[in-house]
Amino acid sequence: MSTPAILVENVTVHYGEVLALDAASLSLDTARICGLIGMNGSGKSTLFKAIMGMIKPDAGRVLINGAPPAKARREGGIGYVPQSEDVDWQFPLSVRDVVMMGRYGHQGFTRRPSKADRAAVDLALDRVELSEFANRQIGQLSGGQKKRAFVARGIAQGATMMLLDEPFAGVDKRSEATITRLLRELASDGCTILISTHDLHALPQLCDEAVLLMRKVLMHGPPEVVLQPEHLAMAFGLDVLNRDLPVRDVPAPDAVQDVVRNEPLRNEPAQDRS
């Protein structure tokens with residue numbers, strides 16, 4: 001039996017007295033694309049942080065390819081595409097500078113790029129179709145181009161795992177198509193990809209599987225199964241008491257997306273916006 005790329009076992013996380021994750025468990029195999037869905041405050045960002053080793057769970061464990069997350073981070077195995085609001089777009093860095101950050105683990109203490117580093121960055125920029133913007137200040141890019149720049153950083157890094165937080169939020173159709181193509185290519189090359197998203201309609205075309213989260217992992221399976229209205233109702237606060245609601249009372253995906261954007265769970269910590 002092969003070792004899972006991501007193994008989350010009974011992970012519980014509190015922010016003070018607020019419960020963010022409640023014995024959440026997830027196993028994801030290598031070279032798969034998994035969509036992570038749930039309403040605001042359901043624990044998606046907290047789960048990302050636990051997988052990246054940025055927070056220590058109160059209980060349970062996380063393993064990346066059978067080892068602690070810190071090992072994968074030291075080895076540059078985890079690439080991360082953040083939400084736009086988590087980045088200071090005014091910072092005086094060029095697109096090339098941002099992508100070169102992915103090469104830091106390959107450089108010495110001087111952080112001087114080698115010929116191999118520059119070649120890796122050029123290749124990554126070409127792959128995400130941003131070569132002509134390499135010297136532009138990162139904040140001057142469009143929303144979709146910014147996302148592609150961070151995907152390029154992961155490619156230059158040589159990451160075997162990519163975590164993307166809302167990669168399609170505020171992007172144009174061209175960038176959405178480019179990112180989708182890139183992720184499929186990366187998965188074909190053996191990269192494991194976990195995507196937090198509110199874009200329910202994109203899941204069946206992009207993802208091999210989907211996870212429904214509301215502090216716990218409520219469901220994990222093929223997107224077309226997870227996206228059934230009665231299943232979405234469990235995660236989006238429409239049937240959290242397991243009442244026998246008639247199907248006609250369960251919103252379709254469009255209505256669920258409105259709930260996601262406009263009705264965050266109460267008493268959730270500010271640290272976990274998604």
# chains A, B, ... in the order shown; residues from 1 in each chain; ligands from 1
call {"tool": "residues_around", "arguments": {"residues": "Asn65 (chain A)", "least_positions_apart": "5", "cutoff": "9 Å", "atoms": "only C-alpha atoms", "output": "list in words"}}
result
Thr3, Pro4, Ala5, Ile6, Leu7, Thr30 and Ala72 of chain A
call {"tool": "write_last_selection", "arguments": {"atoms": "C-alpha atoms", "output": "tab-separated table (two decimals), in the first residue's frame"}}
result
chain	number	residue	atom	x	y	z
A	3	THR	CA	2.08	6.18	1.40
A	4	PRO	CA	-0.49	8.99	1.04
A	5	ALA	CA	0.83	12.33	-0.19
A	6	ILE	CA	-1.24	14.05	2.49
A	7	LEU	CA	-2.45	12.30	5.63
A	30	THR	CA	-0.02	11.38	-5.09
A	72	ALA	CA	8.54	18.88	3.37
call {"tool": "closest_atom_pairs", "arguments": {"of": "region 84-170 of chain A", "to": "region 44-52 of chain A", "cutoff": "10 Å", "atoms": "only C-alpha atoms", "output": "CSV"}}
result
residue,atom,partner,partner_atom,distance
A:Leu163,CA,A:Phe48,CA,7.4
A:Leu164,CA,A:Phe48,CA,9.0
A:Asp165,CA,A:Ser45,CA,7.8
call {"tool": "write_last_selection", "arguments": {"atoms": "N, CA and C atoms", "output": "PDB file, in the first residue's frame"}}
result
ATOM      1  N   LEU A 163      -0.667  23.819  -2.760  1.00  0.00           N
ATOM      2  CA  LEU A 163      -1.888  24.213  -2.069  1.00  0.00           C
ATOM      3  C   LEU A 163      -2.303  25.570  -2.621  1.00  0.00           C
ATOM      4  N   LEU A 164      -3.520  25.658  -3.112  1.00  0.00           N
ATOM      5  CA  LEU A 164      -4.009  26.898  -3.717  1.00  0.00           C
ATOM      6  C   LEU A 164      -5.250  27.366  -2.985  1.00  0.00           C
ATOM      7  N   ASP A 165      -5.202  28.601  -2.486  1.00  0.00           N
ATOM      8  CA  ASP A 165      -6.310  29.182  -1.728  1.00  0.00           C
ATOM      9  C   ASP A 165      -7.087  30.139  -2.632  1.00  0.00           C
TER      10      ASP A 165
END
call {"tool": "closest_atom_pairs", "arguments": {"of": "region 118-202 of chain A", "to": "region 73-95 of chain A", "cutoff": "12 Å", "atoms": "only C-alpha atoms", "output": "Markdown table"}}
result
| residue | atom | partner | partner_atom | distance |
| --- | --- | --- | --- | --- |
| A:Val121 | CA | A:Val95 | CA | 10.1 |
| A:Asp122 | CA | A:Val95 | CA | 11.0 |
| A:Ala124 | CA | A:Val95 | CA | 11.3 |
| A:Leu125 | CA | A:Val95 | CA | 8.8 |
| A:Val128 | CA | A:Val95 | CA | 11.8 |
| A:Glu129 | CA | A:Val95 | CA | 12.0 |
| A:Leu130 | CA | A:Val95 | CA | 8.4 |
| A:Ser131 | CA | A:Val95 | CA | 9.1 |
| A:Glu132 | CA | A:Val95 | CA | 10.0 |
| A:Phe133 | CA | A:Val95 | CA | 6.8 |
| A:Ala134 | CA | A:Val95 | CA | 5.0 |
| A:Asn135 | CA | A:Ser94 | CA | 5.3 |
| A:Arg136 | CA | A:Ser94 | CA | 5.2 |
| A:Gln137 | CA | A:Ser94 | CA | 4.2 |
| A:Ile138 | CA | A:Val95 | CA | 5.0 |
| A:Gly139 | CA | A:Trp89 | CA | 4.4 |
| A:Gln140 | CA | A:Trp89 | CA | 8.1 |
| A:Leu141 | CA | A:Val95 | CA | 8.7 |
| A:Ser142 | CA | A:Ser84 | CA | 11.0 |
| A:Gly143 | CA | A:Ser84 | CA | 7.9 |
| A:Gly144 | CA | A:Ser84 | CA | 10.1 |
| A:Gln145 | CA | A:Val95 | CA | 9.6 |
| A:Lys146 | CA | A:Ser84 | CA | 8.2 |
| A:Lys147 | CA | A:Val81 | CA | 6.9 |
| A:Arg148 | CA | A:Val81 | CA | 8.8 |
| A:Ala149 | CA | A:Val95 | CA | 6.6 |
| A:Phe150 | CA | A:Val81 | CA | 5.4 |
| A:Val151 | CA | A:Val81 | CA | 6.3 |
| A:Ala152 | CA | A:Val81 | CA | 9.5 |
| A:Arg153 | CA | A:Gly79 | CA | 7.6 |
| A:Gly154 | CA | A:Gly79 | CA | 4.6 |
| A:Ile155 | CA | A:Gly79 | CA | 7.9 |
| A:Ala156 | CA | A:Gly79 | CA | 9.6 |
| A:Gln157 | CA | A:Gly76 | CA | 6.4 |
| A:Gly158 | CA | A:Gly77 | CA | 7.0 |
| A:Ala159 | CA | A:Gly77 | CA | 4.4 |
| A:Thr160 | CA | A:Gly77 | CA | 5.2 |
| A:Met161 | CA | A:Ile78 | CA | 4.9 |
| A:Met162 | CA | A:Gly79 | CA | 4.6 |
| A:Leu163 | CA | A:Tyr80 | CA | 4.9 |
| A:Leu164 | CA | A:Val81 | CA | 4.6 |
| A:Asp165 | CA | A:Pro82 | CA | 5.3 |
| A:Glu166 | CA | A:Gln83 | CA | 6.0 |
| A:Pro167 | CA | A:Val81 | CA | 7.2 |
| A:Phe168 | CA | A:Gln83 | CA | 9.6 |
| A:Ala169 | CA | A:Gln83 | CA | 8.3 |
| A:Gly170 | CA | A:Ser84 | CA | 8.9 |
| A:Val171 | CA | A:Ser84 | CA | 10.6 |
| A:Ile179 | CA | A:Val81 | CA | 11.4 |
| A:Leu186 | CA | A:Gly79 | CA | 11.9 |
| A:Cys191 | CA | A:Gly77 | CA | 9.7 |
| A:Thr192 | CA | A:Ile78 | CA | 9.5 |
| A:Ile193 | CA | A:Gly79 | CA | 9.4 |
| A:Leu194 | CA | A:Tyr80 | CA | 9.8 |
| A:Ile195 | CA | A:Val81 | CA | 9.4 |
| A:Ser196 | CA | A:Gln83 | CA | 9.9 |
| A:Thr197 | CA | A:Gln83 | CA | 10.5 |
call {"tool": "atom_distance", "arguments": {"atom1": "CA of Val18 (chain A)", "atom2": "CA of Leu200 (chain A)"}}
result
27.5 Å
call {"tool": "select_by_dssp", "arguments": {"residues": "region 15-192 of chain A", "states": "strand (DSSP E or B)", "output": "ChimeraX atom specification"}}
result
/A:15,18-28,33-37,59-64,67,78-81,94,137,161-165,192
call {"tool": "write_last_selection", "arguments": {"atoms": "C-alpha atoms", "output": "mmCIF file, in the first residue's frame"}}
result
data_model
loop_
_atom_site.group_PDB
_atom_site.id
_atom_site.type_symbol
_atom_site.label_atom_id
_atom_site.label_comp_id
_atom_site.auth_asym_id
_atom_site.auth_seq_id
_atom_site.Cartn_x
_atom_site.Cartn_y
_atom_site.Cartn_z
ATOM 1 C CA TYR A 15 -8.136 29.487 18.430
ATOM 2 C CA VAL A 18 -13.136 28.676 19.353
ATOM 3 C CA LEU A 19 -13.031 25.273 17.678
ATOM 4 C CA ALA A 20 -11.687 25.588 14.111
ATOM 5 C CA LEU A 21 -11.121 21.906 13.265
ATOM 6 C CA ASP A 22 -12.782 19.027 15.081
ATOM 7 C CA ALA A 23 -11.040 15.668 14.605
ATOM 8 C CA ALA A 24 -10.710 16.259 10.854
ATOM 9 C CA SER A 25 -9.279 13.378 8.806
ATOM 10 C CA LEU A 26 -8.196 13.309 5.173
ATOM 11 C CA SER A 27 -6.017 11.108 2.976
ATOM 12 C CA LEU A 28 -4.924 12.234 -0.490
ATOM 13 C CA ILE A 33 -6.264 17.180 -7.676
ATOM 14 C CA CYS A 34 -8.639 17.618 -4.767
ATOM 15 C CA GLY A 35 -11.096 20.468 -4.281
ATOM 16 C CA LEU A 36 -11.729 21.619 -0.713
ATOM 17 C CA ILE A 37 -15.147 23.223 -0.271
ATOM 18 C CA ALA A 59 -4.667 16.803 18.787
ATOM 19 C CA GLY A 60 -4.061 14.462 15.862
ATOM 20 C CA ARG A 61 -1.267 14.508 13.314
ATOM 21 C CA VAL A 62 -0.383 15.558 9.755
ATOM 22 C CA LEU A 63 2.068 13.675 7.545
ATOM 23 C CA ILE A 64 3.368 14.734 4.134
ATOM 24 C CA ALA A 67 6.995 12.690 7.254
ATOM 25 C CA ILE A 78 5.166 22.364 -0.726
ATOM 26 C CA GLY A 79 4.178 25.248 -3.005
ATOM 27 C CA TYR A 80 1.521 27.732 -1.892
ATOM 28 C CA VAL A 81 -0.695 30.138 -3.838
ATOM 29 C CA SER A 94 9.148 42.270 -9.760
ATOM 30 C CA GLN A 137 6.188 45.161 -10.363
ATOM 31 C CA MET A 161 2.637 19.422 -3.692
ATOM 32 C CA MET A 162 0.668 22.606 -4.365
ATOM 33 C CA LEU A 163 -1.888 24.213 -2.069
ATOM 34 C CA LEU A 164 -4.009 26.898 -3.717
ATOM 35 C CA ASP A 165 -6.310 29.182 -1.728
ATOM 36 C CA THR A 192 -0.410 16.508 -5.641
#
call {"tool": "atom_distance", "arguments": {"atom1": "CA of Arg118 (chain A)", "atom2": "CA of Val99 (chain A)"}}
result
9.9 Å
call {"tool": "closest_residue", "arguments": {"among": "A:Gln205, A:Gly41, A:Glu9, A:Pro68", "to": "Ala177 (chain A)", "atoms": "only C-alpha atoms"}}
result
A:Gln205
call {"tool": "residues_around", "arguments": {"residues": "Tyr104 (chain A)", "least_positions_apart": "2", "cutoff": "9 Å", "atoms": "only C-alpha atoms", "output": "PDB file with N, CA and C atoms, in the first residue's frame"}}
result
ATOM      1  N   GLY A  76      11.485  22.140   0.316  1.00  0.00           N
ATOM      2  CA  GLY A  76      10.835  22.858  -0.772  1.00  0.00           C
ATOM      3  C   GLY A  76       9.770  22.047  -1.474  1.00  0.00           C
ATOM      4  N   MET A 100      11.488  33.894  -8.231  1.00  0.00           N
ATOM      5  CA  MET A 100      12.814  33.495  -7.739  1.00  0.00           C
ATOM      6  C   MET A 100      12.762  33.082  -6.271  1.00  0.00           C
ATOM      7  N   MET A 101      11.769  33.560  -5.522  1.00  0.00           N
ATOM      8  CA  MET A 101      11.630  33.152  -4.117  1.00  0.00           C
ATOM      9  C   MET A 101      11.489  31.635  -4.010  1.00  0.00           C
ATOM     10  N   GLY A 102      10.929  31.028  -5.041  1.00  0.00           N
ATOM     11  CA  GLY A 102      10.804  29.584  -5.031  1.00  0.00           C
ATOM     12  C   GLY A 102      12.130  28.859  -5.095  1.00  0.00           C
ATOM     13  N   HIS A 106      17.213  26.305  -2.845  1.00  0.00           N
ATOM     14  CA  HIS A 106      18.286  25.740  -3.666  1.00  0.00           C
ATOM     15  C   HIS A 106      19.559  26.595  -3.601  1.00  0.00           C
ATOM     16  N   GLN A 107      19.467  27.751  -2.921  1.00  0.00           N
ATOM     17  CA  GLN A 107      20.573  28.690  -2.894  1.00  0.00           C
ATOM     18  C   GLN A 107      21.296  28.649  -1.547  1.00  0.00           C
ATOM     19  N   GLY A 108      22.461  29.227  -1.505  1.00  0.00           N
ATOM     20  CA  GLY A 108      23.218  29.313  -0.265  1.00  0.00           C
ATOM     21  C   GLY A 108      22.779  30.502   0.569  1.00  0.00           C
ATOM     22  N   ARG A 111      22.011  33.936  -1.074  1.00  0.00           N
ATOM     23  CA  ARG A 111      20.815  34.073  -1.907  1.00  0.00           C
ATOM     24  C   ARG A 111      21.156  34.618  -3.297  1.00  0.00           C
ATOM     25  N   ARG A 112      22.315  34.274  -3.793  1.00  0.00           N
ATOM     26  CA  ARG A 112      22.698  34.685  -5.143  1.00  0.00           C
ATOM     27  C   ARG A 112      22.212  33.645  -6.146  1.00  0.00           C
ATOM     28  N   PRO A 113      21.368  34.056  -7.089  1.00  0.00           N
ATOM     29  CA  PRO A 113      20.846  33.093  -8.063  1.00  0.00           C
ATOM     30  C   PRO A 113      21.952  32.541  -8.949  1.00  0.00           C
ATOM     31  N   ASP A 117      19.249  28.474 -11.273  1.00  0.00           N
ATOM     32  CA  ASP A 117      18.105  29.184 -10.693  1.00  0.00           C
ATOM     33  C   ASP A 117      17.426  30.066 -11.728  1.00  0.00           C
ATOM     34  N   GLN A 157      10.202  26.275  -7.816  1.00  0.00           N
ATOM     35  CA  GLN A 157      10.630  25.655  -6.564  1.00  0.00           C
ATOM     36  C   GLN A 157      10.828  24.154  -6.730  1.00  0.00           C
TER      37      GLN A 157
END
